[in-house]
$ cat coords-v2.cif   # mmCIF, C-alpha atoms
data_final
loop_
_atom_site.label_atom_id
_atom_site.label_comp_id
_atom_site.auth_asym_id
_atom_site.auth_seq_id
_atom_site.Cartn_x
_atom_site.Cartn_y
_atom_site.Cartn_z
CA GLU H 1 -5.79 14.60 22.51
CA LYS H 2 -8.14 11.63 22.46
CA LEU H 3 -8.17 9.53 19.30
CA THR H 4 -11.41 9.08 17.41
CA LYS H 5 -12.79 5.64 16.64
CA ASP H 6 -11.77 5.97 12.97
CA GLN H 7 -8.22 6.97 13.92
CA MET H 8 -7.92 3.99 16.26
CA HIS H 9 -9.25 1.70 13.52
CA ASP H 10 -6.65 3.03 11.07
CA LEU H 11 -3.84 2.50 13.59
CA ARG H 12 -4.95 -1.06 14.26
CA LEU H 13 -4.89 -1.89 10.55
CA LYS H 14 -1.36 -0.53 10.30
CA GLY H 15 -0.26 -2.57 13.29
CA LEU H 16 0.36 0.52 15.44
CA LEU H 17 -2.34 -0.07 18.04
CA PHE H 18 -1.55 -2.44 20.87
CA ASP H 19 -2.83 -3.50 24.25
CA LEU H 20 -0.84 -1.75 27.01
CA ARG H 21 -1.69 -4.57 29.40
CA SER H 22 0.46 -6.93 27.30
CA VAL H 23 3.52 -4.65 27.51
CA ASN H 24 6.15 -5.49 30.13
CA THR H 25 7.56 -2.63 32.23
CA ARG H 26 11.03 -2.09 33.60
CA THR H 27 11.63 -1.31 37.23
CA ASN H 28 11.65 2.41 36.41
CA GLY H 29 8.15 2.08 34.95
CA ARG H 30 9.14 2.61 31.34
CA PRO H 31 7.53 0.24 28.86
CA ASN H 32 9.48 -2.65 27.46
CA GLY H 33 8.44 -4.29 24.19
CA PRO H 34 6.74 -7.64 24.72
CA PRO H 35 8.61 -10.77 23.70
CA PRO H 36 7.94 -11.90 20.14
CA LYS H 37 4.72 -13.86 19.89
CA THR H 38 4.82 -17.50 18.87
CA HIS H 39 2.52 -18.89 16.19
CA GLY H 40 2.04 -22.26 14.55
CA GLY H 41 5.22 -24.29 14.18
CA GLY H 42 6.94 -22.51 17.04
CA LEU H 43 8.08 -19.63 14.80
CA LYS H 44 8.72 -16.32 16.53
CA LEU H 45 7.43 -13.09 15.11
CA ALA H 46 9.87 -10.19 14.99
CA LEU H 47 10.40 -7.26 12.65
CA ASP H 48 13.02 -7.03 9.93
CA ASP H 49 14.90 -3.77 9.61
CA ASN H 50 12.79 -2.82 6.62
CA GLU H 51 9.62 -3.43 8.65
CA GLY H 52 10.17 -0.82 11.31
CA GLY H 53 13.39 -1.75 13.05
CA SER H 54 13.37 -3.61 16.35
CA ASN H 55 10.24 -1.94 17.67
CA GLN H 56 8.43 -5.04 18.90
CA VAL H 57 5.62 -2.93 20.39
CA THR H 58 4.59 -2.01 16.83
CA GLU H 59 4.52 -5.70 15.99
CA VAL H 60 1.93 -6.59 18.65
CA GLY H 61 -1.02 -5.23 16.68
CA TRP H 62 0.12 -6.97 13.49
CA SER H 63 0.65 -10.32 15.20
CA ASP H 64 -2.75 -10.04 16.89
CA MET H 65 -4.37 -9.67 13.47
CA LEU H 66 -2.35 -12.63 12.22
CA SER H 67 -3.62 -14.69 15.15
CA ARG H 68 -7.20 -13.73 14.24
CA LEU H 69 -6.57 -14.75 10.65
CA LYS H 70 -5.22 -18.10 11.78
CA ALA H 71 -8.26 -18.62 14.02
CA TYR H 72 -10.54 -17.70 11.12
CA LYS H 73 -8.89 -20.34 8.96
CA GLU H 74 -9.25 -22.99 11.67
CA GLU H 75 -12.96 -22.20 11.96
CA ASN H 76 -13.78 -21.76 8.25
CA GLY H 77 -11.20 -23.92 6.53
CA SER H 78 -9.65 -21.11 4.48
CA VAL H 79 -8.45 -17.51 4.63
CA ASP H 80 -10.90 -16.42 1.92
CA LEU H 81 -12.52 -13.29 3.37
CA ARG H 82 -14.08 -12.01 0.14
CA ASN H 83 -17.62 -12.69 1.30
CA GLU H 84 -17.19 -11.01 4.67
CA GLU H 85 -19.24 -7.82 5.08
CA ALA H 86 -17.31 -4.60 5.72
CA ASP H 87 -19.44 -3.85 8.80
CA GLY H 88 -19.48 -7.48 10.00
CA PRO H 89 -17.44 -9.04 12.81
CA ASN H 90 -14.59 -9.83 10.41
CA GLY H 91 -14.80 -6.66 8.36
CA ASP H 92 -11.67 -5.17 9.92
CA LEU H 93 -9.80 -8.46 9.40
CA LYS H 94 -10.76 -8.42 5.72
CA GLU H 95 -9.59 -4.81 5.40
CA TRP H 96 -6.32 -5.62 7.18
CA LEU H 97 -5.61 -8.56 4.87
CA GLU H 98 -6.37 -6.47 1.79
CA MET H 99 -3.89 -3.89 3.07
CA GLN H 100 -1.19 -6.56 3.44
CA LEU H 101 -1.76 -7.67 -0.16
CA LYS H 102 -1.51 -4.08 -1.40
CA LEU H 103 1.71 -3.56 0.56
CA ARG H 104 3.11 -6.75 -0.95
CA GLN H 105 2.30 -5.62 -4.48
CA LYS H 106 4.05 -2.31 -3.79
CA GLY H 107 7.09 -4.11 -2.37
CA LYS H 108 6.50 -2.62 1.08
CA LEU H 109 5.69 -5.82 2.98
CA GLY H 110 8.81 -7.34 4.52
CA ASN H 111 9.80 -10.91 3.75
CA ARG H 112 9.27 -12.04 7.34
CA ARG H 113 5.67 -10.87 7.47
CA ALA H 114 5.08 -12.23 3.98
CA GLY H 115 6.42 -15.57 5.19
CA PHE H 116 4.00 -15.73 8.12
CA LEU H 117 1.05 -14.85 5.88
CA THR H 118 2.10 -17.60 3.49
CA LEU H 119 2.30 -20.12 6.35
CA VAL H 120 -1.27 -19.28 7.32
CA GLY H 121 -2.36 -19.90 3.73
CA VAL H 122 -2.53 -16.43 2.19
CA GLU H 123 -1.67 -16.35 -1.50
CA LEU H 124 0.46 -13.23 -1.92
CA ASP H 125 0.78 -13.54 -5.69
CA PRO H 126 -2.57 -12.65 -7.34
CA TRP H 127 -1.54 -14.37 -10.58
CA GLN H 128 -0.74 -17.66 -8.83
CA SER H 129 -4.02 -17.39 -6.94
CA MET H 130 -6.01 -17.06 -10.17
CA CYS H 131 -4.02 -19.87 -11.77
CA ARG H 132 -4.94 -22.16 -8.87
CA ARG H 133 -8.60 -21.16 -9.19
CA LEU H 134 -8.47 -22.04 -12.87
CA ALA H 135 -6.80 -25.40 -12.11
CA LYS H 136 -9.50 -26.19 -9.52
CA TYR H 137 -12.21 -25.26 -12.01
CA LYS H 138 -10.66 -27.52 -14.65
CA ARG H 139 -10.65 -30.48 -12.24
CA GLN H 140 -14.38 -30.00 -11.70
CA ALA H 141 -15.47 -28.84 -15.17
CA GLY H 142 -12.95 -30.64 -17.38
CA THR H 143 -11.66 -27.63 -19.31
CA ALA H 144 -9.66 -24.43 -19.07
CA SER H 145 -10.52 -23.41 -22.65
CA LEU H 146 -12.98 -20.70 -21.73
CA PRO H 147 -14.92 -18.25 -23.90
CA LYS H 148 -14.98 -14.51 -23.31
CA THR H 149 -18.34 -14.89 -21.57
CA PHE H 150 -20.45 -17.84 -20.46
CA ARG H 151 -24.04 -18.00 -19.32
CA SER H 152 -24.99 -20.65 -16.77
CA ASP H 153 -28.23 -21.63 -15.07
CA ASP H 154 -26.36 -21.56 -11.76
CA PRO H 155 -25.79 -17.99 -10.45
CA GLU H 156 -22.76 -19.08 -8.41
CA THR H 157 -21.17 -20.71 -11.46
CA ASP H 158 -22.00 -17.59 -13.47
CA ARG H 159 -20.07 -15.35 -11.08
CA GLU H 160 -17.09 -17.67 -10.83
CA LEU H 161 -16.91 -18.25 -14.58
CA ALA H 162 -17.23 -14.55 -15.35
CA VAL H 163 -14.11 -13.87 -13.28
CA LEU H 164 -12.18 -16.79 -14.80
CA CYS H 165 -13.21 -15.96 -18.37
CA ARG H 166 -12.07 -12.35 -18.01
CA TRP H 167 -8.79 -13.43 -16.45
CA VAL H 168 -8.01 -16.10 -19.07
CA TRP H 169 -8.73 -13.73 -21.92
CA GLY H 170 -6.57 -11.12 -20.22
CA GLN H 171 -3.71 -13.61 -20.28
CA VAL H 172 -4.37 -14.37 -23.96
CA LYS H 173 -4.16 -10.65 -24.76
CA LEU H 174 -0.88 -10.36 -22.87
CA TYR H 175 0.47 -13.32 -24.82
CA ARG H 176 -0.43 -11.76 -28.15
CA LYS H 177 1.34 -8.57 -27.11
CA ASP H 178 4.38 -10.66 -26.11
CA LYS H 179 3.97 -9.50 -22.51
CA LEU H 180 3.23 -12.86 -20.87
CA GLU H 181 6.21 -14.33 -19.04
CA PRO H 182 7.43 -17.69 -20.43
CA GLU H 183 6.90 -19.49 -17.11
CA ARG H 184 3.31 -18.28 -16.87
CA ARG H 185 2.73 -19.17 -20.50
CA LYS H 186 3.98 -22.69 -19.77
CA LYS H 187 1.68 -23.12 -16.76
CA LEU H 188 -1.40 -21.95 -18.65
CA ARG H 189 -0.63 -24.19 -21.62
CA ALA H 190 -0.30 -27.14 -19.23
CA LEU H 191 -3.84 -26.39 -17.99
CA GLY H 192 -5.15 -26.34 -21.55
CA VAL H 193 -5.42 -22.59 -22.18
CA ARG H 194 -5.09 -22.03 -25.91
CA PHE H 195 -3.24 -19.00 -27.24
CA SER H 196 -3.73 -19.68 -30.97
CA LYS H 197 -6.20 -17.82 -33.16
CA GLU H 198 -8.62 -20.68 -32.53
CA ALA H 199 -9.18 -19.24 -29.07
CA LEU H 200 -10.75 -16.17 -30.68
CA GLY H 201 -13.70 -18.22 -31.88
CA LYS H 202 -15.44 -21.48 -31.17
CA VAL H 203 -13.24 -24.25 -29.81
CA HIS H 204 -12.81 -27.12 -32.28
CA TRP H 205 -14.99 -30.21 -31.86
CA GLU H 206 -11.90 -32.42 -31.60
CA THR H 207 -10.54 -30.28 -28.76
CA ARG H 208 -13.73 -30.67 -26.72
CA PHE H 209 -13.82 -34.39 -27.52
CA ASN H 210 -10.29 -34.88 -26.17
CA GLU H 211 -11.19 -32.90 -23.05
CA MET H 212 -14.22 -35.15 -22.52
CA VAL H 213 -12.13 -38.31 -22.91
CA ASP H 214 -9.52 -36.99 -20.46
CA TYR H 215 -12.26 -36.15 -17.96
CA TYR H 216 -13.77 -39.64 -18.37
CA LEU H 217 -10.43 -41.37 -17.76
CA ILE H 218 -10.09 -39.57 -14.42
CA ASN H 219 -13.70 -39.42 -13.24
CA LYS H 220 -15.30 -42.43 -14.99
CA THR H 221 -18.05 -40.27 -16.41
CA CYS H 222 -18.26 -38.14 -19.52
CA LEU H 223 -20.35 -35.41 -17.90
CA PRO H 224 -18.42 -32.87 -15.77
CA LYS H 225 -20.08 -32.27 -12.43
CA ARG H 226 -19.61 -28.52 -12.73
CA ASP H 227 -21.37 -26.41 -15.33
CA GLY H 228 -19.26 -24.90 -18.06
CA PRO H 229 -18.42 -25.10 -21.78
CA LEU H 230 -17.47 -28.79 -21.72
CA ARG H 231 -20.56 -29.93 -19.80
CA GLN H 232 -22.82 -28.14 -22.25
CA TRP H 233 -20.87 -29.59 -25.18
CA VAL H 234 -21.29 -33.14 -23.82
CA LEU H 235 -25.04 -32.64 -23.34
CA GLU H 236 -25.34 -31.37 -26.92
CA LEU H 237 -23.37 -34.38 -28.20
CA VAL H 238 -25.61 -36.82 -26.31
CA GLU H 239 -28.67 -35.06 -27.74
CA VAL H 240 -27.30 -35.39 -31.29
CA ILE H 241 -26.51 -39.09 -30.82
CA GLU H 242 -29.88 -39.99 -29.25
CA SER H 243 -31.89 -38.02 -31.80
CA GLY H 244 -30.04 -39.59 -34.72
CA GLY H 245 -28.47 -36.29 -35.74
CA PHE H 246 -25.62 -35.99 -38.20
CA ILE H 247 -22.10 -36.89 -37.09
CA SER H 248 -19.36 -36.94 -39.70
CA ASN H 249 -17.48 -40.16 -40.43
CA LYS H 250 -14.29 -38.64 -39.04
CA ARG H 251 -15.94 -37.78 -35.72
CA GLN H 252 -17.74 -41.11 -35.50
CA THR H 253 -14.39 -42.84 -35.99
CA LEU H 254 -12.97 -40.88 -33.03
CA ILE H 255 -15.91 -41.97 -30.86
CA ASP H 256 -15.54 -45.60 -31.93
CA GLU H 257 -11.78 -45.70 -31.42
CA ALA H 258 -12.12 -44.23 -27.94
CA LYS H 259 -14.80 -46.88 -27.16
CA ILE H 260 -16.76 -44.22 -25.35
CA ALA H 261 -20.12 -44.48 -27.14
CA PRO H 262 -21.74 -46.65 -24.40
CA TYR H 263 -21.14 -43.85 -21.91
CA LEU H 264 -22.69 -41.15 -24.08
CA LYS H 265 -26.26 -42.01 -23.12
CA ARG H 266 -28.55 -39.90 -20.99
CA GLU H 267 -29.41 -42.77 -18.62
CA VAL H 268 -25.67 -43.35 -18.08
CA ILE H 269 -24.38 -39.81 -17.61
CA PHE H 270 -27.22 -38.96 -15.22
CA ALA H 271 -27.10 -42.23 -13.31
CA PRO H 272 -26.23 -41.82 -9.61
CA PRO H 273 -22.64 -42.84 -8.86
CA LYS H 274 -22.31 -46.35 -7.54
CA LYS H 275 -20.95 -46.83 -4.06
CA LYS H 276 -17.44 -48.06 -3.53
CA ARG H 277 -17.06 -51.45 -1.89
CA LYS H 278 -14.27 -53.43 -0.32
CA ALA H 279 -12.61 -55.97 -2.55
CA GLU H 280 -13.03 -59.41 -1.13
CA THR H 281 -10.08 -61.68 -0.51
CA ALA H 282 -9.99 -65.41 -1.30
CA ASP H 283 -11.20 -66.32 2.19
CA GLY H 284 -14.18 -63.98 1.84
CA GLU H 285 -12.90 -61.28 4.19
CA GLY H 286 -12.63 -57.64 3.09
CA SER H 287 -9.09 -56.66 2.21
CA GLY H 288 -9.78 -53.06 3.12
CA LYS H 289 -8.80 -51.84 -0.35
CA LEU H 290 -11.47 -49.80 -2.11
CA LYS H 291 -12.31 -50.19 -5.75
CA SER H 292 -14.76 -48.18 -7.75
CA ASP H 293 -17.74 -49.72 -9.50
CA GLY H 294 -18.49 -46.47 -11.27
CA VAL H 295 -19.42 -46.36 -14.94
#
$ encode --input "coords-v2.cif" --output "C-alpha cells"
Amino acid sequence: EKLTKDQMHDLRLKGLLFDLRSVNTRTNGRPNGPPPKTHGGGLKLALDDNEGGSNQVTEVGWSDMLSRLKAYKEENGSVDLRNEEADGPNGDLKEWLEMQLKLRQKGKLGNRRAGFLTLVGVELDPWQSMCRRLAKYKRQAGTASLPKTFRSDDPETDRELAVLCRWVWGQVKLYRKDKLEPERRKKLRALGVRFSKEALGKVHWETRFNEMVDYYLINKTCLPKRDGPLRQWVLELVEVIESGGFISNKRQTLIDEAKIAPYLKREVIFAPPKKKRKAETADGEGSGKLKSDGV
C-alpha cells in the first residue's frame, strides 16, 4: 500500500524514512545499513540500545535532519527556529526539533542523540534556556528584577519581556512554595532575581540605584541600551534632577558618594558613544591596544 504524504512526513520526523539510494547492498541484494554518518568534530552517529538497537538504517533519517539543523545554524547563526513558519521551507525541521525536545523531557531521547543536539547548540533543558535568556537581557537592560508585566514602546521588547516576566514570577511562586531547587535558586539570585516580599510590589529606589551604578561601571553609561524597568527608572531620575524635583538627603548622599551625578544629564546619556582609538606610544606610533573614550 502506498504511503500518503502525511504518513511519509510523520515517518521522516520520527527518523524512520530514509533514502534507499544511500543504503549499501550485499551481494545477495539484501540491504545493508549505511555506515554511521560523520558530523562536526569527526564524531560518528550510531544508535544506543535504548534508541532502537543497532538498526543504522533507522538512524539515517535522524542524522539527515541533524545535518539540516547544523546547516541552518551555519547560515543563520543559531538553532532558534521559533520564527519559522509551519508551512515554510524549514517548517518540518522546526517540527522535528520540537519533537526531540518533547522526547527529551519525557526521558525518551537517548544520551547519544542528546549529545549531538547539544554539540549543534540545542539547549535541551528549558529552564537553563530561559535562565540564559534572562542573563542576556540583564546584560543589555541592567536588571533581572522584573515586574509581573511591563509595557514598552518597542513591540519586540514587549514580547520578549512578557515571556521573561511570566517566567521570573513563575520561579518566585515556586520559591515561595519551597519547590525551587537550591541550585536554581542560587543562579537566579546571582542574576539579581529577588524572592523577598519586596518583589511583590515596587522595587526599592536603592535597588534600582545600585543596578544603575553596576551598569555604568560595565558600560560607561547610566542608561541601558535596552528598554525595561531600569531604563525607565533612569529616565525618571534624570527628569527629577533636571526639573529640580525632590530628592531626599539620603538618596542625594548616595548619588554624591557614587560620583555619578555628572552622568545623570540628558545630554550625556543620549550622547552618541565616542569611537575607540589606539593608544599612542612614546614614539608616536599606535601600540595597537584599544582604550575607550566613552563617558
$ residues_around --input "coords-v2.cif" --residues "segment 67-78 of chain H" --least-positions-apart "2" --cutoff "12 Å" --atoms "only C-alpha atoms" --output "PyMOL selection string"
chain H and resi 37-40+45+60-65+80-82+84+89-97+116-123
$ closest_residue --input "coords-v2.cif" --among "H:Lys179, H:Arg133, H:Lys202, H:Lys187" --to "Trp167 of chain H" --atoms "all atoms listed in the file"
H:Arg133
$ atom_distance --input "coords-v2.cif" --atom1 "atom CA of Arg226 of chain H" --atom2 "atom CA of Gly142 of chain H"
8.4 Å
$ residues_around --input "coords-v2.cif" --residues "Ala271 of chain H" --least-positions-apart "3" --cutoff "12 Å" --atoms "all atoms listed in the file" --output "NGL selection string"
:H and (220-223 or 263-268 or 274 or 294-295)
$ atom_distance --input "coords-v2.cif" --atom1 "atom CA of Arg139 of chain H" --atom2 "atom CA of Leu161 of chain H"
13.9 Å
$ residues_around --input "coords-v2.cif" --residues "Ser145 of chain H" --least-positions-apart "3" --cutoff "8 Å" --atoms "all atoms listed in the file" --output "list in words"
Gly192, Val193, Arg194, Ala199 and Val203 of chain H
$ resolve_selection --input "coords-v2.cif" --expression "the PyMOL selection byres ((chain H and resi 135) around 12)" --output "PDB file with C-alpha atoms, in the coordinates of the input"
ATOM      1  CA  GLN H 128      -0.740 -17.660  -8.830  1.00  0.00           C
ATOM      2  CA  SER H 129      -4.020 -17.390  -6.940  1.00  0.00           C
ATOM      3  CA  MET H 130      -6.010 -17.060 -10.170  1.00  0.00           C
ATOM      4  CA  CYS H 131      -4.020 -19.870 -11.770  1.00  0.00           C
ATOM      5  CA  ARG H 132      -4.940 -22.160  -8.870  1.00  0.00           C
ATOM      6  CA  ARG H 133      -8.600 -21.160  -9.190  1.00  0.00           C
ATOM      7  CA  LEU H 134      -8.470 -22.040 -12.870  1.00  0.00           C
ATOM      8  CA  LYS H 136      -9.500 -26.190  -9.520  1.00  0.00           C
ATOM      9  CA  TYR H 137     -12.210 -25.260 -12.010  1.00  0.00           C
ATOM     10  CA  LYS H 138     -10.660 -27.520 -14.650  1.00  0.00           C
ATOM     11  CA  ARG H 139     -10.650 -30.480 -12.240  1.00  0.00           C
ATOM     12  CA  GLN H 140     -14.380 -30.000 -11.700  1.00  0.00           C
ATOM     13  CA  ALA H 141     -15.470 -28.840 -15.170  1.00  0.00           C
ATOM     14  CA  GLY H 142     -12.950 -30.640 -17.380  1.00  0.00           C
ATOM     15  CA  THR H 143     -11.660 -27.630 -19.310  1.00  0.00           C
ATOM     16  CA  ALA H 144      -9.660 -24.430 -19.070  1.00  0.00           C
ATOM     17  CA  SER H 145     -10.520 -23.410 -22.650  1.00  0.00           C
ATOM     18  CA  LEU H 164     -12.180 -16.790 -14.800  1.00  0.00           C
ATOM     19  CA  VAL H 168      -8.010 -16.100 -19.070  1.00  0.00           C
ATOM     20  CA  LYS H 187       1.680 -23.120 -16.760  1.00  0.00           C
ATOM     21  CA  LEU H 188      -1.400 -21.950 -18.650  1.00  0.00           C
ATOM     22  CA  ARG H 189      -0.630 -24.190 -21.620  1.00  0.00           C
ATOM     23  CA  ALA H 190      -0.300 -27.140 -19.230  1.00  0.00           C
ATOM     24  CA  LEU H 191      -3.840 -26.390 -17.990  1.00  0.00           C
ATOM     25  CA  GLY H 192      -5.150 -26.340 -21.550  1.00  0.00           C
ATOM     26  CA  VAL H 193      -5.420 -22.590 -22.180  1.00  0.00           C
TER      27      VAL H 193
END
$ atom_distance --input "coords-v2.cif" --atom1 "atom CA of Ile255 of chain H" --atom2 "atom CA of Cys165 of chain H"
29.0 Å
$ residues_around --input "coords-v2.cif" --residues "Ser248 of chain H" --least-positions-apart "6" --cutoff "12 Å" --atoms "all atoms listed in the file" --output "number ranges by chain"
H: 205-206, 240-241, 254-255
$ resolve_selection --input "coords-v2.cif" --expression "the PyMOL selection byres ((chain H and resi 162) around 12)" --output "PDB file with C-alpha atoms, keeping the file's coordinate frame"
ATOM      1  CA  LEU H 134      -8.470 -22.040 -12.870  1.00  0.00           C
ATOM      2  CA  LEU H 146     -12.980 -20.700 -21.730  1.00  0.00           C
ATOM      3  CA  PRO H 147     -14.920 -18.250 -23.900  1.00  0.00           C
ATOM      4  CA  LYS H 148     -14.980 -14.510 -23.310  1.00  0.00           C
ATOM      5  CA  THR H 149     -18.340 -14.890 -21.570  1.00  0.00           C
ATOM      6  CA  PHE H 150     -20.450 -17.840 -20.460  1.00  0.00           C
ATOM      7  CA  ARG H 151     -24.040 -18.000 -19.320  1.00  0.00           C
ATOM      8  CA  SER H 152     -24.990 -20.650 -16.770  1.00  0.00           C
ATOM      9  CA  PRO H 155     -25.790 -17.990 -10.450  1.00  0.00           C
ATOM     10  CA  GLU H 156     -22.760 -19.080  -8.410  1.00  0.00           C
ATOM     11  CA  THR H 157     -21.170 -20.710 -11.460  1.00  0.00           C
ATOM     12  CA  ASP H 158     -22.000 -17.590 -13.470  1.00  0.00           C
ATOM     13  CA  ARG H 159     -20.070 -15.350 -11.080  1.00  0.00           C
ATOM     14  CA  GLU H 160     -17.090 -17.670 -10.830  1.00  0.00           C
ATOM     15  CA  LEU H 161     -16.910 -18.250 -14.580  1.00  0.00           C
ATOM     16  CA  VAL H 163     -14.110 -13.870 -13.280  1.00  0.00           C
ATOM     17  CA  LEU H 164     -12.180 -16.790 -14.800  1.00  0.00           C
ATOM     18  CA  CYS H 165     -13.210 -15.960 -18.370  1.00  0.00           C
ATOM     19  CA  ARG H 166     -12.070 -12.350 -18.010  1.00  0.00           C
ATOM     20  CA  TRP H 167      -8.790 -13.430 -16.450  1.00  0.00           C
ATOM     21  CA  VAL H 168      -8.010 -16.100 -19.070  1.00  0.00           C
ATOM     22  CA  TRP H 169      -8.730 -13.730 -21.920  1.00  0.00           C
ATOM     23  CA  GLY H 228     -19.260 -24.900 -18.060  1.00  0.00           C
TER      24      GLY H 228
END
$ residues_around --input "coords-v2.cif" --residues "Val234 of chain H" --least-positions-apart "4" --cutoff "9 Å" --atoms "only C-alpha atoms" --output "list of chain:residue names"
H:Arg208, H:Phe209, H:Met212, H:Cys222, H:Leu223, H:Pro224, H:Pro229, H:Leu230, H:Val238, H:Glu239, H:Leu264
$ resolve_selection --input "coords-v2.cif" --expression "the PyMOL selection byres ((chain H and resi 175) around 12)" --output "PyMOL selection string"
chain H and resi 168-174+176-186+188-189+193-197
$ axis_aligned_box --input "coords-v2.cif" --around "segment 75-81 of chain H" --padding-each-side "3 Å" --output "JSON"
{"center_x": -11.1, "center_y": -18.6, "center_z": 6.9, "size_x": 11.3, "size_y": 16.6, "size_z": 16.0}
